[in-house]
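Worksheet: one structure, shown below.
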Amino acid sequence: MSELDRLKRLCGLEPNDLAEVLENNPRAYMAVKGAVAEKHLKNYFEKLKTQGSISDFRTASSDFEKDFYITLLDGSVKVVECKNVEVQKVNTKSEYFNYLTFIQKNKKLLSTVDFTSIEDYSLNDLKNIFSALPQSMRESGIPRYEFSINQVPTKSIHDDLSSEEFLTQFDHAMLSIDFQRTRNSRDNSDNDENGKAARFYKLDEIDFVGACLFTRTMKWEFVFGSRESIDIHPKYPDRYSNRLKLNPKFWEFDFLEMLS
């Protein structure tokens with residue numbers, strides 16, 4: 001069975017039709033994107049194994065396992081969770097203004113709106129203009145990702161910057177991760193009455209995070225951070241915070257660098 005036949009068997013659509021579905025349904029695309037990132041990270045670890053840089057690895061076999069278990073050359077096993085960085089936020093007046101002017105310039109919309117000066121608009125004015133955009137441009141999706149990459153000069157981790165230099169480019173809107181389990185993989189925690197802690201990771205259950213940069217760079221590339229770079233949750237001292245900021249000083253392009 002060809003690749004195209006496999007795709008049509010799964011959804012009954014031609015590739016362009018499937019792309020249109022994902023482009024116009026940001027929430028569906030977001031769900032797919034998590035699995036796509038895991039596949040790219042699997043390919044990365046396959047390459048490390050082929051090179052002889054790691055002994056072996058395996059992926060999760062159930063919702064309650066972590067994404068990757070990496071066997072190092074010394075026989076020890078490290079646990080890696082794969083996460084997508086969040087879409088760049090649009091909350092402040094300047095963020096709304098910059099995004100709307102980007103849309104006007106690049107998407108052939110809002111042609112009747114004069115964005116000469118930000119002083120001509122209140123925050124509510126800009127929010128109202130934003131809310132009238134198509135869903136595909138309001139929510140996490142390609143237009144929002146293009147807006148992010150448009151703001152940094154260096155687009156790829158392979159463009160001759162150090163990890164810290166590359167990540168520092170995003171200081172105007174720091175890279176972040178919604179660092180918690182999916183609802184299907186929550187544990188049986190009884191830390192609180194509402195079970196909120198069940199979605200927060202325990203301190204001893206992961207070693208590294210592989211953060212996929214696609215939502216901010218339009219490239220399926222990763223940076224890696226150790227658990228030492230993750231804050232502890234302010235309410236649950238045995239859990240990591242679900243708000244993970246990527247401090248440029250503590251994240252590396254190369255997984256092997258994190259081991260040294």
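In the structure tokens, each chain is lettered A, B, ... as it comes, each chain's residues begin at 1, and ligands are numbered from 1 in order of appearance.
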
Strand (DSSP E or B) call set, DSSP backbone run, stretch 55-219 of chain A, as a ChimeraX atom specification
/A:56-59,68-71,77-84,176-178,202,208-212

Please give the complete set of residues from stretch 9-93 of chain A that DSSP, run on the backbone, assigns to alpha helix (DSSP H), formatted as JSON, numbers by chain.
{"A": [9, 10, 11, 15, 16, 17, 18, 19, 20, 21, 22, 23, 24, 26, 27, 28, 29, 30, 31, 32, 33, 34, 35, 36, 37, 38, 39, 40, 41, 42, 43, 44, 45, 46, 47, 48, 49, 50, 51, 93]}

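Considering only C-alpha atoms, the residue among A:Arg239, A:Lys47, A:Arg199, A:Lys39 positioned nearest to A:Arg181 is A:Arg199.
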
Where does stretch 17-110 of chain A meet stretch 164-174 of chain A within 12 Å, residue by residue, with the nearest atom pair and distance in Å to one decimal for each, counting only C-alpha atoms, listed by chain and rising number, as CSV?
residue,atom,partner,partner_atom,distance
A:Val85,CA,A:Met174,CA,10.0
A:Glu86,CA,A:Met174,CA,9.8
A:Val87,CA,A:Ala173,CA,9.9
A:Gln88,CA,A:Ala173,CA,6.7
A:Lys89,CA,A:Ala173,CA,7.5
A:Val90,CA,A:Ala173,CA,9.7
A:Asn91,CA,A:Ala173,CA,11.1
A:Thr92,CA,A:Ala173,CA,11.5
A:Ser94,CA,A:His172,CA,11.7
A:Glu95,CA,A:Ala173,CA,9.8

Those selected residues, please, written with C-alpha atoms and delivered as a PDB file, in the first residue's frame.
ATOM      1  CA  VAL A  85       6.159  24.897  23.215  1.00  0.00           C
ATOM      2  CA  GLU A  86       3.094  27.103  23.464  1.00  0.00           C
ATOM      3  CA  VAL A  87       1.957  29.489  20.776  1.00  0.00           C
ATOM      4  CA  GLN A  88       3.110  33.066  21.305  1.00  0.00           C
ATOM      5  CA  LYS A  89       0.616  34.857  23.518  1.00  0.00           C
ATOM      6  CA  VAL A  90      -1.460  37.799  22.282  1.00  0.00           C
ATOM      7  CA  ASN A  91      -2.679  39.582  25.418  1.00  0.00           C
ATOM      8  CA  THR A  92      -1.367  43.139  25.600  1.00  0.00           C
ATOM      9  CA  SER A  94       1.112  46.040  21.631  1.00  0.00           C
ATOM     10  CA  GLU A  95       0.823  42.278  21.042  1.00  0.00           C
TER      11      GLU A  95
END

Test item: residues at most 8 Å from A:Leu126, only C-alpha atoms, excluding those fewer than 3 positions along its chain, as a PyMOL selection string:
chain A and resi 93+96-97+121-123+129-130
